[in-house]
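Reproduced below: protein02.cif, with mmCIF, C-alpha atoms.
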data_run
loop_
_atom_site.group_PDB
_atom_site.id
_atom_site.type_symbol
_atom_site.label_atom_id
_atom_site.label_comp_id
_atom_site.auth_asym_id
_atom_site.auth_seq_id
_atom_site.Cartn_x
_atom_site.Cartn_y
_atom_site.Cartn_z
ATOM 1 C CA MET A 52 6.813 0.214 -19.106
ATOM 2 C CA THR A 53 6.396 3.943 -19.585
ATOM 3 C CA SER A 54 3.625 6.442 -19.100
ATOM 4 C CA SER A 55 3.308 9.960 -20.417
ATOM 5 C CA ALA A 56 0.711 10.980 -17.829
ATOM 6 C CA SER A 57 1.692 13.133 -14.890
ATOM 7 C CA PRO A 58 1.920 11.150 -11.630
ATOM 8 C CA LEU A 59 -0.465 13.678 -10.109
ATOM 9 C CA SER A 60 -2.846 13.750 -13.077
ATOM 10 C CA SER A 61 -5.876 12.210 -11.360
ATOM 11 C CA ILE A 62 -5.708 14.236 -8.135
ATOM 12 C CA SER A 63 -8.666 16.375 -9.216
ATOM 13 C CA SER A 64 -10.965 13.332 -9.279
ATOM 14 C CA ALA A 65 -9.810 11.937 -5.932
ATOM 15 C CA SER A 66 -11.150 12.719 -2.468
ATOM 16 C CA VAL A 67 -9.842 12.005 1.034
ATOM 17 C CA ASP A 68 -11.571 10.838 4.221
ATOM 18 C CA VAL A 69 -9.556 11.244 7.414
ATOM 19 C CA LEU A 70 -10.335 8.096 9.410
ATOM 20 C CA VAL A 71 -7.900 8.771 12.274
ATOM 21 C CA GLU A 72 -6.336 12.231 12.604
ATOM 22 C CA ASN A 73 -2.744 12.281 11.274
ATOM 23 C CA LYS A 74 -2.724 8.463 11.272
ATOM 24 C CA CYS A 75 -5.103 7.034 8.681
ATOM 25 C CA PHE A 76 -6.418 8.439 5.381
ATOM 26 C CA TRP A 77 -8.833 6.843 2.920
ATOM 27 C CA ILE A 78 -8.216 8.154 -0.602
ATOM 28 C CA HIS A 79 -11.091 7.521 -2.988
ATOM 29 C CA ASP A 80 -10.331 7.065 -6.692
ATOM 30 C CA ALA A 81 -6.608 7.644 -6.198
ATOM 31 C CA LEU A 82 -5.746 5.815 -9.441
ATOM 32 C CA THR A 83 -7.586 5.836 -12.749
ATOM 33 C CA MET A 84 -8.427 2.521 -14.400
ATOM 34 C CA GLU A 85 -5.554 3.009 -16.853
ATOM 35 C CA GLU A 86 -3.134 3.565 -13.962
ATOM 36 C CA GLN A 87 -4.446 0.497 -12.132
ATOM 37 C CA ILE A 88 -3.785 -1.560 -15.265
ATOM 38 C CA GLU A 89 -0.257 -0.137 -15.411
ATOM 39 C CA VAL A 90 0.393 -1.222 -11.808
ATOM 40 C CA PHE A 91 -1.110 -4.659 -12.466
ATOM 41 C CA GLU A 92 1.008 -5.144 -15.578
ATOM 42 C CA GLU A 93 4.119 -4.155 -13.626
ATOM 43 C CA ILE A 94 3.298 -6.821 -11.030
ATOM 44 C CA LEU A 95 2.881 -9.420 -13.789
ATOM 45 C CA GLU A 96 6.153 -8.364 -15.429
ATOM 46 C CA ARG A 97 8.121 -8.599 -12.188
ATOM 47 C CA SER A 98 6.697 -12.046 -11.347
ATOM 48 C CA LYS A 99 6.596 -13.600 -14.828
ATOM 49 C CA HIS A 100 9.258 -16.219 -14.046
ATOM 50 C CA THR A 101 7.663 -17.312 -10.762
ATOM 51 C CA ASP A 102 4.745 -19.754 -10.511
ATOM 52 C CA ASN A 103 2.087 -18.108 -8.338
ATOM 53 C CA ARG A 104 -0.712 -20.455 -9.326
ATOM 54 C CA GLN A 105 -2.825 -22.110 -6.651
ATOM 55 C CA LYS A 106 -1.293 -25.586 -6.253
ATOM 56 C CA ALA A 107 -4.439 -27.251 -4.861
ATOM 57 C CA PRO A 108 -8.146 -26.456 -4.461
ATOM 58 C CA CYS A 109 -8.529 -23.641 -1.954
ATOM 59 C CA MET A 110 -10.324 -25.192 1.031
ATOM 60 C CA ASN A 111 -9.353 -22.293 3.282
ATOM 61 C CA PRO A 112 -9.886 -18.817 1.776
ATOM 62 C CA SER A 113 -6.658 -17.440 3.228
ATOM 63 C CA PRO A 114 -4.752 -14.641 1.458
ATOM 64 C CA LYS A 115 -1.685 -15.502 -0.611
ATOM 65 C CA THR A 116 1.441 -13.349 -0.749
ATOM 66 C CA LEU A 117 2.657 -13.339 -4.341
ATOM 67 C CA LEU A 118 6.310 -13.997 -5.112
ATOM 68 C CA PHE A 119 8.272 -11.791 -7.459
ATOM 69 C CA ASP A 120 11.092 -13.177 -9.585
ATOM 70 C CA GLY A 121 13.989 -14.106 -7.341
ATOM 71 C CA PRO A 122 11.887 -15.492 -5.801
ATOM 72 C CA THR A 123 11.084 -12.944 -3.108
ATOM 73 C CA PRO A 124 7.821 -11.657 -1.578
ATOM 74 C CA THR A 125 9.100 -8.074 -1.481
ATOM 75 C CA LEU A 126 10.486 -5.556 -3.949
ATOM 76 C CA ARG A 127 12.728 -2.926 -2.365
ATOM 77 C CA PHE A 128 13.650 0.466 -3.763
ATOM 78 C CA GLY A 129 15.893 3.218 -2.453
ATOM 79 C CA ARG A 130 19.484 4.210 -1.827
ATOM 80 C CA SER A 131 21.864 1.331 -1.207
ATOM 81 C CA GLY A 132 22.283 0.739 2.501
ATOM 82 C CA THR A 133 19.167 2.652 3.582
ATOM 83 C CA HIS A 134 16.960 -0.391 4.157
ATOM 84 C CA THR A 135 16.593 -1.485 7.727
ATOM 85 C CA ASN A 136 15.500 -4.869 8.962
ATOM 86 C CA ASP A 137 12.322 -4.246 10.941
ATOM 87 C CA GLY A 138 10.470 -7.498 11.419
ATOM 88 C CA GLY A 139 12.426 -9.874 9.195
ATOM 89 C CA ASP A 140 14.731 -10.060 6.207
ATOM 90 C CA ASP A 141 13.441 -11.864 3.124
ATOM 91 C CA GLY A 142 16.815 -11.646 1.425
ATOM 92 C CA SER A 143 15.718 -9.296 -1.362
ATOM 93 C CA ALA A 144 18.297 -6.774 -2.537
ATOM 94 C CA PRO A 145 17.122 -3.173 -2.916
ATOM 95 C CA SER A 146 17.192 -1.346 -6.219
ATOM 96 C CA VAL A 147 19.509 1.673 -6.013
ATOM 97 C CA SER A 148 16.811 3.785 -7.668
ATOM 98 C CA LEU A 149 13.876 5.047 -5.615
ATOM 99 C CA SER A 150 11.787 5.438 -8.758
ATOM 100 C CA SER A 151 9.279 2.774 -9.763
ATOM 101 C CA VAL A 152 5.759 2.550 -11.155
ATOM 102 C CA PHE A 153 4.619 1.924 -7.584
ATOM 103 C CA GLU A 154 6.363 5.037 -6.265
ATOM 104 C CA LYS A 155 5.151 7.214 -9.120
ATOM 105 C CA LEU A 156 1.505 6.186 -9.145
ATOM 106 C CA ILE A 157 0.832 5.095 -5.568
ATOM 107 C CA LEU A 158 3.191 6.698 -3.045
ATOM 108 C CA ARG A 159 3.669 10.081 -4.678
ATOM 109 C CA ARG A 160 -0.049 10.384 -5.451
ATOM 110 C CA ALA A 161 -1.280 9.164 -2.075
ATOM 111 C CA PHE A 162 1.135 11.211 0.006
ATOM 112 C CA SER A 163 0.420 14.357 -1.998
ATOM 113 C CA LEU A 164 -3.307 13.977 -1.334
ATOM 114 C CA ALA A 165 -3.063 12.895 2.300
ATOM 115 C CA SER A 166 -0.548 15.635 3.171
ATOM 116 C CA ARG A 167 -3.257 18.241 2.630
ATOM 117 C CA HIS A 168 -5.021 16.842 5.694
ATOM 118 C CA LEU A 169 -2.047 16.560 8.071
ATOM 119 C CA ARG A 170 -2.262 18.733 11.180
ATOM 120 C CA PRO A 171 0.814 20.282 12.868
ATOM 121 C CA ILE A 172 2.379 18.173 15.632
ATOM 122 C CA ASP A 173 3.666 20.115 18.666
ATOM 123 C CA GLY A 174 3.601 23.266 16.573
ATOM 124 C CA ALA A 175 5.717 21.790 13.785
ATOM 125 C CA ALA A 176 4.431 21.013 10.317
ATOM 126 C CA ALA A 177 3.819 17.310 9.715
ATOM 127 C CA ARG A 178 4.819 15.844 6.376
ATOM 128 C CA PHE A 179 5.433 12.626 4.499
ATOM 129 C CA ALA A 180 9.067 11.948 3.596
ATOM 130 C CA TYR A 181 10.797 8.782 2.456
ATOM 131 C CA ASP A 182 14.080 7.663 0.926
ATOM 132 C CA ARG A 183 13.101 4.025 0.355
ATOM 133 C CA HIS A 184 10.033 1.880 -0.109
ATOM 134 C CA SER A 185 9.130 -1.765 -0.401
ATOM 135 C CA VAL A 186 6.293 -3.430 -2.299
ATOM 136 C CA GLY A 187 4.328 -6.569 -1.519
ATOM 137 C CA VAL A 188 1.231 -8.007 -3.205
ATOM 138 C CA ILE A 189 -1.440 -10.043 -1.431
ATOM 139 C CA ARG A 190 -4.163 -11.886 -3.349
ATOM 140 C CA TYR A 191 -7.429 -12.626 -1.582
ATOM 141 C CA ALA A 192 -9.812 -15.392 -2.570
ATOM 142 C CA ALA A 193 -13.149 -13.835 -3.572
ATOM 143 C CA PRO A 194 -15.560 -13.337 -1.960
ATOM 144 C CA HIS A 195 -14.568 -14.543 1.528
ATOM 145 C CA GLY A 196 -10.770 -14.216 1.730
ATOM 146 C CA ARG A 197 -9.732 -12.311 4.826
ATOM 147 C CA PHE A 198 -7.024 -11.387 7.325
ATOM 148 C CA PRO A 199 -7.740 -11.295 11.069
ATOM 149 C CA GLU A 200 -7.747 -7.813 12.588
ATOM 150 C CA HIS A 201 -4.181 -6.866 13.523
ATOM 151 C CA VAL A 202 -1.670 -4.041 14.081
ATOM 152 C CA ASP A 203 1.391 -4.140 11.797
ATOM 153 C CA HIS A 204 3.871 -3.101 14.551
ATOM 154 C CA CYS A 205 6.259 -1.618 11.985
ATOM 155 C CA ASN A 206 8.316 0.762 14.111
ATOM 156 C CA ALA A 207 10.995 1.962 11.708
ATOM 157 C CA PRO A 208 11.144 5.793 11.833
ATOM 158 C CA ARG A 209 8.767 7.646 9.482
ATOM 159 C CA SER A 210 7.125 4.429 8.254
ATOM 160 C CA TRP A 211 3.817 4.587 6.406
ATOM 161 C CA VAL A 212 1.752 1.985 4.583
ATOM 162 C CA ALA A 213 -0.004 2.836 1.320
ATOM 163 C CA LEU A 214 -2.471 0.047 0.592
ATOM 164 C CA LEU A 215 -3.874 -0.024 -2.951
ATOM 165 C CA SER A 216 -7.007 -2.054 -3.693
ATOM 166 C CA LEU A 217 -7.117 -3.735 -7.117
ATOM 167 C CA GLY A 218 -10.104 -5.736 -8.361
ATOM 168 C CA CYS A 219 -13.018 -6.557 -6.088
ATOM 169 C CA THR A 220 -14.110 -4.111 -3.391
ATOM 170 C CA ALA A 221 -12.315 -4.972 -0.141
ATOM 171 C CA ARG A 222 -13.902 -4.392 3.258
ATOM 172 C CA PHE A 223 -11.317 -2.955 5.640
ATOM 173 C CA ALA A 224 -11.908 -2.385 9.350
ATOM 174 C CA VAL A 225 -10.130 0.613 10.904
ATOM 175 C CA ARG A 226 -9.830 1.268 14.600
ATOM 176 C CA GLY A 227 -7.648 3.922 16.207
ATOM 177 C CA PRO A 228 -6.151 3.495 19.703
ATOM 178 C CA ALA A 229 -8.722 5.793 21.332
ATOM 179 C CA ASP A 230 -11.754 4.580 19.394
ATOM 180 C CA ALA A 231 -14.445 2.544 21.110
ATOM 181 C CA ALA A 232 -15.817 1.237 17.820
ATOM 182 C CA ARG A 233 -14.236 0.288 14.555
ATOM 183 C CA ARG A 234 -15.187 1.723 11.174
ATOM 184 C CA VAL A 235 -15.599 -0.632 8.237
ATOM 185 C CA VAL A 236 -14.835 0.918 4.848
ATOM 186 C CA GLY A 237 -15.256 -0.505 1.374
ATOM 187 C CA LEU A 238 -12.047 0.027 -0.601
ATOM 188 C CA ARG A 239 -13.023 0.025 -4.253
ATOM 189 C CA THR A 240 -10.511 -0.744 -6.950
ATOM 190 C CA GLY A 241 -8.216 2.272 -7.286
ATOM 191 C CA ASP A 242 -8.702 3.420 -3.678
ATOM 192 C CA VAL A 243 -5.659 3.789 -1.412
ATOM 193 C CA LEU A 244 -5.524 3.591 2.373
ATOM 194 C CA VAL A 245 -2.556 5.433 3.914
ATOM 195 C CA PHE A 246 -1.868 4.658 7.563
ATOM 196 C CA ASP A 247 0.761 4.755 10.289
ATOM 197 C CA PRO A 248 1.771 1.109 10.927
ATOM 198 C CA SER A 249 3.539 1.701 14.249
ATOM 199 C CA SER A 250 2.675 0.067 17.545
ATOM 200 C CA ALA A 251 2.051 3.513 19.073
ATOM 201 C CA ALA A 252 -0.517 4.448 16.423
ATOM 202 C CA ALA A 253 -2.245 1.057 16.944
ATOM 203 C CA ILE A 254 -4.222 1.296 13.703
ATOM 204 C CA ALA A 255 -5.997 -2.064 13.467
#
Could you rewrite the structure in this file as C-alpha cells?
Amino acid sequence: MTSSASPLSSISSASVDVLVENKCFWIHDALTMEEQIEVFEEILERSKHTDNRQKAPCMNPSPKTLLFDGPTPTLRFGRSGTHTNDGGDDGSAPSVSLSSVFEKLILRRAFSLASRHLRPIDGAAARFAYDRHSVGVIRYAAPHGRFPEHVDHCNAPRSWVALLSLGCTARFAVRGPADAARRVVGLRTGDVLVFDPSSAAAIA
C-alpha cells in the first residue's frame, strides 16, 4: 500500500483540545476519510489470514481485540532489540523498520500536532520522541460496547498512546489525577486521543 500524500497534509484542517496539561490531547479531524480508509485497509491486509469473525451471537457487548496474521494481537515496529516487555509478551516479533502506515498517518501526525501544545517541564523543552511503536486494534459492538474506566499503567520510559477512532463516534471519559470530575468526549471517526499511559499520569 502506498500513498503520495504528505503525512502532515491534513494538519491545517485539524484542531487540538488540551484535556490534561502535557498529558492528554484530543486531536479533531487528525485523519482525512481517505487516510482512515488507508489505515483500515492496512488492518485488513495484515489480518487477512486470521479469522476474526464473531463465533457466536454477542450476548455481552464486550470489546474484541483483533488478531493479526501470526496470529498475534500486536504489531511491533522499531529497531531490533529495542522492545521492552512492560505488562506482558504476546510473542510477536518486531519489524526492524520503524516505518508503517500507522506511524506515518497516526503517530507522526498526532505528535506533530500535540507537540505544539506541550509546555516546558522544569525549564526544559518537552517533546515526543520514539524509536519503536506497537499497534493493536479493538472492535466495539455498536452501540453499547464499552470498557470499564481504567488506567493503562504502562510505565516504560517515554511511552505515549495514540488512540485513533474509526467508524462510529466513541464516547471516551478522561480524568486527570488532580481532577474532581471527569470529562466525556465524543471521538468522531478520524479523531486521535494522545495521552500519557503511565501510573503517575493516572489518565483514566
Practice item. Apply the PyMOL selection byres ((chain A and resi 72-88) around 7) to the displayed file and report the matching residues as an NGL selection string. Key: :A and (61-62 or 64-71 or 89-92 or 161 or 165 or 169-170 or 241-247 or 252)
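Residues matched by the PyMOL selection byres ((chain A and resi 217) around 8) in this file are A:Gln87, A:Leu215, A:Ser216, A:Gly218, A:Cys219, A:Thr220, A:Arg239, A:Thr240, A:Gly241.
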**Study point:** For CA of Arg183 (chain A) and CA of Phe128 (chain A), the interatomic separation in Å (one decimal)
**Key:** 5.5 Å
Exercise for review: Would you list the contacts of Ile94 (chain A) as an MDAnalysis selection string, taking every protein, DNA or RNA residue within 12 Å and counting all atoms listed in the file, but skipping same-chain residues closer than 3 positions in sequence?
Suggested key: chainID A and resid 52 87:91 97:101 103 117:120 124:126 151:153 186:190 217
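Candidate residues A:Gly129, A:Ala213, A:Ala255, A:Phe198 were compared for distance to Arg226 (chain A), and the nearest is A:Ala255, using only C-alpha atoms.
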Practice item. Rounded to one decimal place, report the CA of Lys155 (chain A)-CA of Asn206 (chain A) distance in Å. Key: 24.3 Å
Would you kindly place N, CA, C and O atoms on region 184-205 of chain A and return the model as a PDB file, in the coordinates of the input?
ATOM      1  N   HIS A 184      11.345   2.503  -0.261  1.00  0.00           N
ATOM      2  CA  HIS A 184      10.033   1.880  -0.109  1.00  0.00           C
ATOM      3  C   HIS A 184      10.122   0.425  -0.534  1.00  0.00           C
ATOM      4  O   HIS A 184      11.018   0.024  -1.274  1.00  0.00           O
ATOM      5  N   SER A 185       9.200  -0.359  -0.025  1.00  0.00           N
ATOM      6  CA  SER A 185       9.130  -1.765  -0.401  1.00  0.00           C
ATOM      7  C   SER A 185       7.704  -2.070  -0.844  1.00  0.00           C
ATOM      8  O   SER A 185       6.752  -1.395  -0.455  1.00  0.00           O
ATOM      9  N   VAL A 186       7.582  -3.092  -1.689  1.00  0.00           N
ATOM     10  CA  VAL A 186       6.293  -3.430  -2.299  1.00  0.00           C
ATOM     11  C   VAL A 186       6.007  -4.908  -2.086  1.00  0.00           C
ATOM     12  O   VAL A 186       6.858  -5.765  -2.333  1.00  0.00           O
ATOM     13  N   GLY A 187       4.810  -5.199  -1.626  1.00  0.00           N
ATOM     14  CA  GLY A 187       4.328  -6.569  -1.519  1.00  0.00           C
ATOM     15  C   GLY A 187       2.938  -6.643  -2.115  1.00  0.00           C
ATOM     16  O   GLY A 187       2.213  -5.644  -2.157  1.00  0.00           O
ATOM     17  N   VAL A 188       2.552  -7.820  -2.591  1.00  0.00           N
ATOM     18  CA  VAL A 188       1.231  -8.007  -3.205  1.00  0.00           C
ATOM     19  C   VAL A 188       0.550  -9.194  -2.537  1.00  0.00           C
ATOM     20  O   VAL A 188       1.122 -10.286  -2.453  1.00  0.00           O
ATOM     21  N   ILE A 189      -0.671  -8.978  -2.069  1.00  0.00           N
ATOM     22  CA  ILE A 189      -1.440 -10.043  -1.431  1.00  0.00           C
ATOM     23  C   ILE A 189      -2.713 -10.274  -2.236  1.00  0.00           C
ATOM     24  O   ILE A 189      -3.452  -9.323  -2.533  1.00  0.00           O
ATOM     25  N   ARG A 190      -2.967 -11.516  -2.585  1.00  0.00           N
ATOM     26  CA  ARG A 190      -4.163 -11.886  -3.349  1.00  0.00           C
ATOM     27  C   ARG A 190      -5.158 -12.569  -2.412  1.00  0.00           C
ATOM     28  O   ARG A 190      -4.821 -13.530  -1.728  1.00  0.00           O
ATOM     29  N   TYR A 191      -6.381 -12.063  -2.420  1.00  0.00           N
ATOM     30  CA  TYR A 191      -7.429 -12.626  -1.582  1.00  0.00           C
ATOM     31  C   TYR A 191      -8.378 -13.462  -2.436  1.00  0.00           C
ATOM     32  O   TYR A 191      -8.715 -13.088  -3.556  1.00  0.00           O
ATOM     33  N   ALA A 192      -8.807 -14.579  -1.886  1.00  0.00           N
ATOM     34  CA  ALA A 192      -9.812 -15.392  -2.570  1.00  0.00           C
ATOM     35  C   ALA A 192     -11.166 -14.696  -2.451  1.00  0.00           C
ATOM     36  O   ALA A 192     -11.580 -14.302  -1.364  1.00  0.00           O
ATOM     37  N   ALA A 193     -11.838 -14.491  -3.591  1.00  0.00           N
ATOM     38  CA  ALA A 193     -13.149 -13.835  -3.572  1.00  0.00           C
ATOM     39  C   ALA A 193     -14.237 -14.901  -3.395  1.00  0.00           C
ATOM     40  O   ALA A 193     -14.138 -15.984  -3.959  1.00  0.00           O
ATOM     41  N   PRO A 194     -15.303 -14.619  -2.636  1.00  0.00           N
ATOM     42  CA  PRO A 194     -15.560 -13.337  -1.960  1.00  0.00           C
ATOM     43  C   PRO A 194     -15.229 -13.341  -0.470  1.00  0.00           C
ATOM     44  O   PRO A 194     -15.502 -12.360   0.202  1.00  0.00           O
ATOM     45  N   HIS A 195     -14.676 -14.434   0.068  1.00  0.00           N
ATOM     46  CA  HIS A 195     -14.568 -14.543   1.528  1.00  0.00           C
ATOM     47  C   HIS A 195     -13.143 -14.553   2.063  1.00  0.00           C
ATOM     48  O   HIS A 195     -12.929 -14.827   3.236  1.00  0.00           O
ATOM     49  N   GLY A 196     -12.140 -14.274   1.233  1.00  0.00           N
ATOM     50  CA  GLY A 196     -10.770 -14.216   1.730  1.00  0.00           C
ATOM     51  C   GLY A 196     -10.621 -13.090   2.739  1.00  0.00           C
ATOM     52  O   GLY A 196     -11.193 -12.017   2.574  1.00  0.00           O
ATOM     53  N   ARG A 197      -9.836 -13.339   3.789  1.00  0.00           N
ATOM     54  CA  ARG A 197      -9.732 -12.311   4.826  1.00  0.00           C
ATOM     55  C   ARG A 197      -8.480 -12.498   5.669  1.00  0.00           C
ATOM     56  O   ARG A 197      -7.900 -13.587   5.748  1.00  0.00           O
ATOM     57  N   PHE A 198      -8.055 -11.382   6.298  1.00  0.00           N
ATOM     58  CA  PHE A 198      -7.024 -11.387   7.325  1.00  0.00           C
ATOM     59  C   PHE A 198      -7.705 -11.121   8.661  1.00  0.00           C
ATOM     60  O   PHE A 198      -8.679 -10.356   8.716  1.00  0.00           O
ATOM     61  N   PRO A 199      -7.214 -11.699   9.760  1.00  0.00           N
ATOM     62  CA  PRO A 199      -7.740 -11.295  11.069  1.00  0.00           C
ATOM     63  C   PRO A 199      -7.315  -9.869  11.382  1.00  0.00           C
ATOM     64  O   PRO A 199      -6.295  -9.388  10.889  1.00  0.00           O
ATOM     65  N   GLU A 200      -8.086  -9.180  12.190  1.00  0.00           N
ATOM     66  CA  GLU A 200      -7.747  -7.813  12.588  1.00  0.00           C
ATOM     67  C   GLU A 200      -6.404  -7.825  13.313  1.00  0.00           C
ATOM     68  O   GLU A 200      -6.136  -8.672  14.158  1.00  0.00           O
ATOM     69  N   HIS A 201      -5.521  -6.880  12.940  1.00  0.00           N
ATOM     70  CA  HIS A 201      -4.181  -6.866  13.523  1.00  0.00           C
ATOM     71  C   HIS A 201      -3.566  -5.481  13.416  1.00  0.00           C
ATOM     72  O   HIS A 201      -4.027  -4.642  12.645  1.00  0.00           O
ATOM     73  N   VAL A 202      -2.517  -5.240  14.189  1.00  0.00           N
ATOM     74  CA  VAL A 202      -1.670  -4.041  14.081  1.00  0.00           C
ATOM     75  C   VAL A 202      -0.356  -4.491  13.460  1.00  0.00           C
ATOM     76  O   VAL A 202       0.195  -5.531  13.831  1.00  0.00           O
ATOM     77  N   ASP A 203       0.174  -3.728  12.508  1.00  0.00           N
ATOM     78  CA  ASP A 203       1.391  -4.140  11.797  1.00  0.00           C
ATOM     79  C   ASP A 203       2.643  -4.133  12.671  1.00  0.00           C
ATOM     80  O   ASP A 203       3.577  -4.899  12.453  1.00  0.00           O
ATOM     81  N   HIS A 204       2.703  -3.231  13.661  1.00  0.00           N
ATOM     82  CA  HIS A 204       3.871  -3.101  14.551  1.00  0.00           C
ATOM     83  C   HIS A 204       5.158  -2.867  13.757  1.00  0.00           C
ATOM     84  O   HIS A 204       6.208  -3.433  14.059  1.00  0.00           O
ATOM     85  N   CYS A 205       5.074  -2.022  12.739  1.00  0.00           N
ATOM     86  CA  CYS A 205       6.259  -1.618  11.985  1.00  0.00           C
ATOM     87  C   CYS A 205       6.754  -0.314  12.599  1.00  0.00           C
ATOM     88  O   CYS A 205       6.126   0.734  12.428  1.00  0.00           O
TER      89      CYS A 205
END
